[in-house]
Structures are given as C-alpha cells and as structure tokens.
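Engineer: Structure provided below as structure tokens; questions to follow.
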Amino acid sequence: MVHNPTMALDEPPNFPPDLDIHPLASATSDADARFDSAAQEDAIKTYGIAGRIWEASHAMLAYLDPASPLEFDPPPPTVEHDLARSGRAITAIELGSGTGFVAARVAQWLCPERDLLIVSDLPDVCPMLQENLRECRAVQVRPLAWGSPEHVHAISEELLPPDSDKSPTRLTHILCSDLIYFPALLAPLLRSLLQLTSFPFVDETSPEPALVVMSYKMRSLAKETPFWHAFGLWFDFVPVLSRQRAALQTVDVNGAHLWSRFSPGDDADETFVLVAARRPESLRWRIPDDDHKLLAGVGARGSDLPKSDDQFEQLLLMGMDI
C-alpha cells in the first residue's frame with residue numbers, strides 16, 4: 001500500500017488507519033544495514049510511514065549524485081566543478097527526512113568543513129534520524145513539523161543568530177523527497193516551504209531564497225493537484241532534464257545533443273524531479289494563516305481572491321520533453 005491519501009489532521013501523521021506498508025527493497029538500500037529491508041521492517045513498526053524508504057528518494061539521489069553518467073539541466077548543487085566555480089557552500093535542509101536514507105548519501109557528497117545538511121522530521125522521528133546519521137559529520141538533526149512557526153524559528157535562530165558577531169548561514173537548498181501524498185498535509189508542507197524562503201531567511205543582504213529540489217512520484221493526481229495549483233502561484237519551477245555526458249551523447253539529425261525529462265525509472269514511471277525558486281514578487285504577498293485559503297490561492301498575486309496556477313498541468317501536457 002502507498003501513502004494513504006485520506007488521512008485527517010487529527011490522526012497520527014505516520015500511522016493512518018489500516019496502515020499496511022512493506023519495505024522498499026533496492027540494491028542501494030539493501031547494501032546498508034541502516035536502511036535494508038530488515039531495518040525498514042523494524043522502523044515501520046515504531047515510526048510508521050517514516051520508517052519506510054519511498055520510491056522517489058532514488059530519483060533525488062540519482063539527480064544529486066556527482067558521479068552520475070548524465071548531465072542535468074538545471075545542474076545539481078553537488079556537482080564538484082559547479083561548487084569549485086561558485087565557491088559557495090551548501091547549506092541545505094531536508095523536509096520529511098524519515099529514515100535518513102537520502103541524507104546519508106547526500107552527506108557523502110558534502111564537505112563537512114564548509115557544508116551543512118539539516119535533516120528534519122516530526123519530533124518523535126528525530127531519534128531514528130540521530131541513530132542512522134550519527135556518523136555523518138555534515139548533518140544536523142532538527143525537529144520540524146510542517147507548518148510549525150516555532151520549529152522554523154528555532155532553525156532560523158541557529159542559522160541566523162540575532163545580535164551575534166557570527167556571520168549568518170543562509171539556506172541554499174531545500175530538499176523534498178516524495179512528500180506530496182496526504183491531502184491534509186499539502187497546505188502545511190507548502191507553508192513550511194514559504195516560511196523557509198521568507199524573512200528572516202531572505203533579507204536585504206541575501207535577497208535570493210533557497211532553491212527547492214523536489215522529487216515526486218505521482219500516485220493520485222486528483223488528490224495531489226491542489227498542491228501544484230497553489231505551489232505554482234508562489235514558486236516558479238522547471239523539470240530536471242538530462243542527457244548523456246559528452247562522450248556518450250546521442251545526436252539528433254540536426255546535430256543537437258538530445259535532452260529529455262529526467263526519470264530514473266522506465267518510460268512508464270511517473271516520477272519527476274523539479275527545481276523551484278520563489279517568485280520574487282511573492283515576497284511582498286500576505287501568506288494566509290488558514291490552510292484552506294492557502295491551498296485556494298488566497299494572498300497570492302497580492303489578492304484575497306481564490307486562484308490557481310497551471311504550470312504542472314502544462315508540463316504534463318507537454319510531456320516535459322524537449
């Protein structure tokens with residue numbers, strides 16, 4: 001069974017009614033005792049949905065892997081030559097980190113002396129993250145329930161300490177792996193993304209909000225569409241495209257190297273990787289406190305009227321291929 005899309009807000013987020021999930025086996029996770037099928041089986045008993053590795057996590061890792069045989073557009077932040085050129089440290093936060101499977105791999109591609117990956121989940125999931133990631137020097141575990149202003153404030157106080165001589169640490173990326181599923185959690189997820197790309201994470205000295213890197217497996221588009229309708233009002237996003245690196249590239253009849261939508265599965269795999277940036281004008285808009293109004297588009301474009309965005313539908317209609 002996949003994520004239960006009928007959960008109500010008063011139910012435990014990780015233990016919906018009739019939960020019946022099983023470990024996700026893969027060569028990558030099975031090679032690590034922290035994340036193999038037996039570890040997931042135990043974690044599911046204690047942490048419910050958070051104890052399983054979900055399919056789109058593999059798409060996220062395939063995109064971020066600096067040793068990938070593919071070239072990506074937009075390029076991932078973990079590409080070594082890109083880091084060397086920009087000289088910019090990575091300070092990323094992962095939402096809904098679950099077992100820490102994604103974070104454990106990403107941490108291997110970071111430099112602990114200059115990079116930081118904050119992994120987050122509900123407070124009662126953090127012990128699993130601390131156990132699984134205790135050897136990862138570039139990682140910090142922090143509680144972050146989606147939509148919680150208190151949890152976001154605590155993180156901002158650490159990264160951007162007020163009245164301190166310490167230089168502020170600005171978020172550069174937000175990682176979201178397979179998080180769009182429960183309708184009741186769509187608005188809280190969007191709220192966290194808005195909180196992390198608003199003041200104090202963005203100000204006059206650092207006007208560029210963090211980029212959002214999102215891997216998404218389509219399961220029930222009708223139930224997931226409200227998120228995309230609202231998300232696209234506040235964020236501009238593009239699908240990640242890929243092609244073989246220069247020595248292996250396929251060339252079309254016009255001599256152009258072919259780009260196509262990146263999906264590490266087969267042709268029927270409805271898994272996507274998207275990169276999103278906060279719309280600059282949206283930093284002046286009022287974010288409604290009510291979740292229903294947020295999903296309805298109230299506040300977006302500076303208006304209290306309901307509205308929606310159709311970026312995601314357009315991408316689907318276009319096949320997201322070039």
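Every chain in the structure tokens takes a letter, A first, then B, and so on in the order presented; its residues are numbered from 1, and the ligands are numbered from 1 following the presented order.
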Quick one: residues within 9 Å of Gln140 in chain A, only C-alpha atoms, excluding same-chain residues fewer than 4 positions away - as a list in words?

Structural biologist: Leu116, Leu117, Ile118, Val119, Ser120, Gln130, Leu133 and Cys136 of chain A

Engineer: List every residue of range 107-205 of chain A that has an atom at most 12 Å from any atom of range 29-48 of chain A, and for each one report the closest atom pair and its distance in Å to one decimal, counting only C-alpha atoms, with rows sorted by chain and then by increasing residue number, as a Markdown table.

Structural biologist:
```
| residue | atom | partner | partner_atom | distance |
| --- | --- | --- | --- | --- |
| A:Asp121 | CA | A:Tyr47 | CA | 11.2 |
| A:Leu122 | CA | A:Tyr47 | CA | 10.2 |
| A:Pro123 | CA | A:Tyr47 | CA | 11.1 |
| A:Asp124 | CA | A:Tyr47 | CA | 8.0 |
| A:Val125 | CA | A:Tyr47 | CA | 6.6 |
| A:Cys126 | CA | A:Tyr47 | CA | 10.1 |
| A:Pro127 | CA | A:Tyr47 | CA | 10.1 |
| A:Met128 | CA | A:Ala43 | CA | 8.1 |
| A:Leu129 | CA | A:Arg34 | CA | 10.4 |
| A:Gln130 | CA | A:Arg34 | CA | 11.8 |
| A:Glu131 | CA | A:Arg34 | CA | 9.1 |
| A:Asn132 | CA | A:Arg34 | CA | 6.2 |
| A:Leu133 | CA | A:Arg34 | CA | 9.2 |
| A:Arg134 | CA | A:Arg34 | CA | 11.3 |
| A:Glu135 | CA | A:Arg34 | CA | 11.8 |
```

Engineer: How about saving the chosen residues, N, CA and C atoms kept, as an mmCIF file, in the first residue's frame?

Structural biologist:
```
data_model
loop_
_atom_site.group_PDB
_atom_site.id
_atom_site.type_symbol
_atom_site.label_atom_id
_atom_site.label_comp_id
_atom_site.auth_asym_id
_atom_site.auth_seq_id
_atom_site.Cartn_x
_atom_site.Cartn_y
_atom_site.Cartn_z
ATOM 1 N N ASP A 121 12.244 16.239 10.688
ATOM 2 C CA ASP A 121 11.006 15.466 10.661
ATOM 3 C C ASP A 121 10.259 15.773 11.949
ATOM 4 N N LEU A 122 9.176 15.074 12.186
ATOM 5 C CA LEU A 122 8.438 15.243 13.426
ATOM 6 C C LEU A 122 9.345 14.925 14.613
ATOM 7 N N PRO A 123 9.116 15.559 15.751
ATOM 8 C CA PRO A 123 9.991 15.313 16.913
ATOM 9 C C PRO A 123 10.149 13.847 17.270
ATOM 10 N N ASP A 124 9.064 13.057 17.143
ATOM 11 C CA ASP A 124 9.185 11.653 17.543
ATOM 12 C C ASP A 124 9.904 10.791 16.513
ATOM 13 N N VAL A 125 10.236 11.365 15.349
ATOM 14 C CA VAL A 125 11.017 10.646 14.336
ATOM 15 C C VAL A 125 12.505 10.976 14.459
ATOM 16 N N CYS A 126 12.817 12.075 15.108
ATOM 17 C CA CYS A 126 14.213 12.516 15.195
ATOM 18 C C CYS A 126 15.158 11.494 15.834
ATOM 19 N N PRO A 127 14.716 10.708 16.836
ATOM 20 C CA PRO A 127 15.638 9.687 17.367
ATOM 21 C C PRO A 127 16.124 8.701 16.307
ATOM 22 N N MET A 128 15.256 8.314 15.372
ATOM 23 C CA MET A 128 15.692 7.419 14.292
ATOM 24 C C MET A 128 16.726 8.111 13.415
ATOM 25 N N LEU A 129 16.494 9.380 13.106
ATOM 26 C CA LEU A 129 17.457 10.128 12.297
ATOM 27 C C LEU A 129 18.797 10.260 13.010
ATOM 28 N N GLN A 130 18.756 10.555 14.297
ATOM 29 C CA GLN A 130 20.009 10.697 15.056
ATOM 30 C C GLN A 130 20.794 9.399 15.086
ATOM 31 N N GLU A 131 20.090 8.289 15.209
ATOM 32 C CA GLU A 131 20.768 6.990 15.237
ATOM 33 C C GLU A 131 21.364 6.654 13.872
ATOM 34 N N ASN A 132 20.587 6.840 12.820
ATOM 35 C CA ASN A 132 21.052 6.444 11.488
ATOM 36 C C ASN A 132 22.125 7.370 10.918
ATOM 37 N N LEU A 133 22.173 8.616 11.401
ATOM 38 C CA LEU A 133 23.076 9.608 10.814
ATOM 39 C C LEU A 133 24.160 10.059 11.786
ATOM 40 N N ARG A 134 24.368 9.319 12.847
ATOM 41 C CA ARG A 134 25.307 9.769 13.881
ATOM 42 C C ARG A 134 26.740 9.877 13.381
ATOM 43 N N GLU A 135 27.095 9.170 12.320
ATOM 44 C CA GLU A 135 28.453 9.224 11.779
ATOM 45 C C GLU A 135 28.608 10.266 10.671
#
```

Engineer: Pick out the closest residue to Arg191 in chain A from this set: A:Leu294, A:Ala154, A:Leu258, A:Ala246. Count only C-alpha atoms.

Structural biologist: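 So, comparing all the options, the nearest one is A:Leu294.
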
Engineer: To one decimal in Å, tell me the separation between CA of Ser192 in chain A and CA of Thr169 in chain A.

Structural biologist: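 Separating CA of Ser192 in chain A from CA of Thr169 in chain A is a distance of 18.5 Å.
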
Engineer: Taking 4 positions as the minimum chain separation for residues in the same chain, which residues sit within 8 Å of Thr172 in chain A when counting only C-alpha atoms? Answer as a list in words.

Structural biologist: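 The neighbour list is Ile90, Thr91, Ala92, Pro209, Ala210 and Leu211 of chain A.
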
Engineer: Give me a file of those residues, with N, CA and C atoms, as a PDB file, in the first residue's frame.

Structural biologist:
```
ATOM      1  N   ILE A  90      27.211  24.785   0.499  1.00  0.00           N
ATOM      2  CA  ILE A  90      25.838  24.293   0.512  1.00  0.00           C
ATOM      3  C   ILE A  90      25.343  24.299   1.953  1.00  0.00           C
ATOM      4  N   THR A  91      24.215  24.943   2.177  1.00  0.00           N
ATOM      5  CA  THR A  91      23.501  24.840   3.450  1.00  0.00           C
ATOM      6  C   THR A  91      22.082  24.444   3.095  1.00  0.00           C
ATOM      7  N   ALA A  92      21.791  23.175   3.269  1.00  0.00           N
ATOM      8  CA  ALA A  92      20.506  22.640   2.823  1.00  0.00           C
ATOM      9  C   ALA A  92      19.706  22.122   4.006  1.00  0.00           C
ATOM     10  N   PRO A 209      16.141  33.582  -2.147  1.00  0.00           N
ATOM     11  CA  PRO A 209      15.707  32.457  -1.312  1.00  0.00           C
ATOM     12  C   PRO A 209      16.348  31.151  -1.764  1.00  0.00           C
ATOM     13  N   ALA A 210      16.306  30.167  -0.878  1.00  0.00           N
ATOM     14  CA  ALA A 210      16.832  28.847  -1.200  1.00  0.00           C
ATOM     15  C   ALA A 210      16.062  28.236  -2.373  1.00  0.00           C
ATOM     16  N   LEU A 211      16.782  27.464  -3.197  1.00  0.00           N
ATOM     17  CA  LEU A 211      16.131  26.693  -4.249  1.00  0.00           C
ATOM     18  C   LEU A 211      15.506  25.441  -3.647  1.00  0.00           C
TER      19      LEU A 211
END
```

Engineer: Taking the backbone alone, and naming residues the way the document does, which bits of range 5-100 of chain A are helix (DSSP H, G or I) by DSSP, as a PyMOL selection string?

Structural biologist: chain A and resi 27-30+37-51+56-64+80-86

Engineer: Find the residues around range 217-228 of chain A up to 6 Å (only C-alpha atoms counted), leave out those fewer than 6 positions away in its own chain, and share them as a ChimeraX atom specification.

Structural biologist: /A:56,186,270-271

Engineer: Write the residues you've just listed into a file as a PDB file, in the first residue's frame, and include N, CA, C and O atoms for each of them.

Structural biologist:
```pdb
ATOM      1  N   ALA A  56      10.467   7.817  -4.655  1.00  0.00           N
ATOM      2  CA  ALA A  56      11.067   8.997  -5.280  1.00  0.00           C
ATOM      3  C   ALA A  56      12.392   9.397  -4.648  1.00  0.00           C
ATOM      4  O   ALA A  56      13.102  10.240  -5.196  1.00  0.00           O
ATOM      5  N   LEU A 186      -0.864  18.835   2.615  1.00  0.00           N
ATOM      6  CA  LEU A 186      -0.385  19.626   1.483  1.00  0.00           C
ATOM      7  C   LEU A 186      -0.187  21.085   1.873  1.00  0.00           C
ATOM      8  O   LEU A 186       0.832  21.700   1.529  1.00  0.00           O
ATOM      9  N   GLU A 270       6.101   7.393 -13.432  1.00  0.00           N
ATOM     10  CA  GLU A 270       5.619   8.761 -13.250  1.00  0.00           C
ATOM     11  C   GLU A 270       6.305   9.400 -12.046  1.00  0.00           C
ATOM     12  O   GLU A 270       5.669   9.819 -11.084  1.00  0.00           O
ATOM     13  N   THR A 271       7.620   9.433 -12.099  1.00  0.00           N
ATOM     14  CA  THR A 271       8.426  10.074 -11.066  1.00  0.00           C
ATOM     15  C   THR A 271       9.161  11.246 -11.701  1.00  0.00           C
ATOM     16  O   THR A 271       9.733  11.121 -12.780  1.00  0.00           O
TER      17      THR A 271
END
```

Engineer: Which residue is closest to Ser308 in chain A? Choose from A:Lys293, A:Arg286, A:Arg278, A:Arg52 and count only C-alpha atoms.

Structural biologist: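 Smallest distance to Ser308 in chain A is found for A:Lys293.
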
Engineer: So that I can check the secondary structure, give me every residue of range 189-313 of chain A assigned strand (DSSP E) by backbone DSSP, as a list in words.

Structural biologist: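 For range 189-313 of chain A, the strand (DSSP E) set is Leu211, Val212, Val213, Met214, Ser215, Tyr216, Lys217, Phe235, Asp236, Phe237, Val238, Pro239, Leu241, Ser242, Arg243, Gln244, Ser260, Arg261, Thr271, Phe272, Val273, Leu274, Val275, Ala276, Ala277 and Arg278 of chain A.
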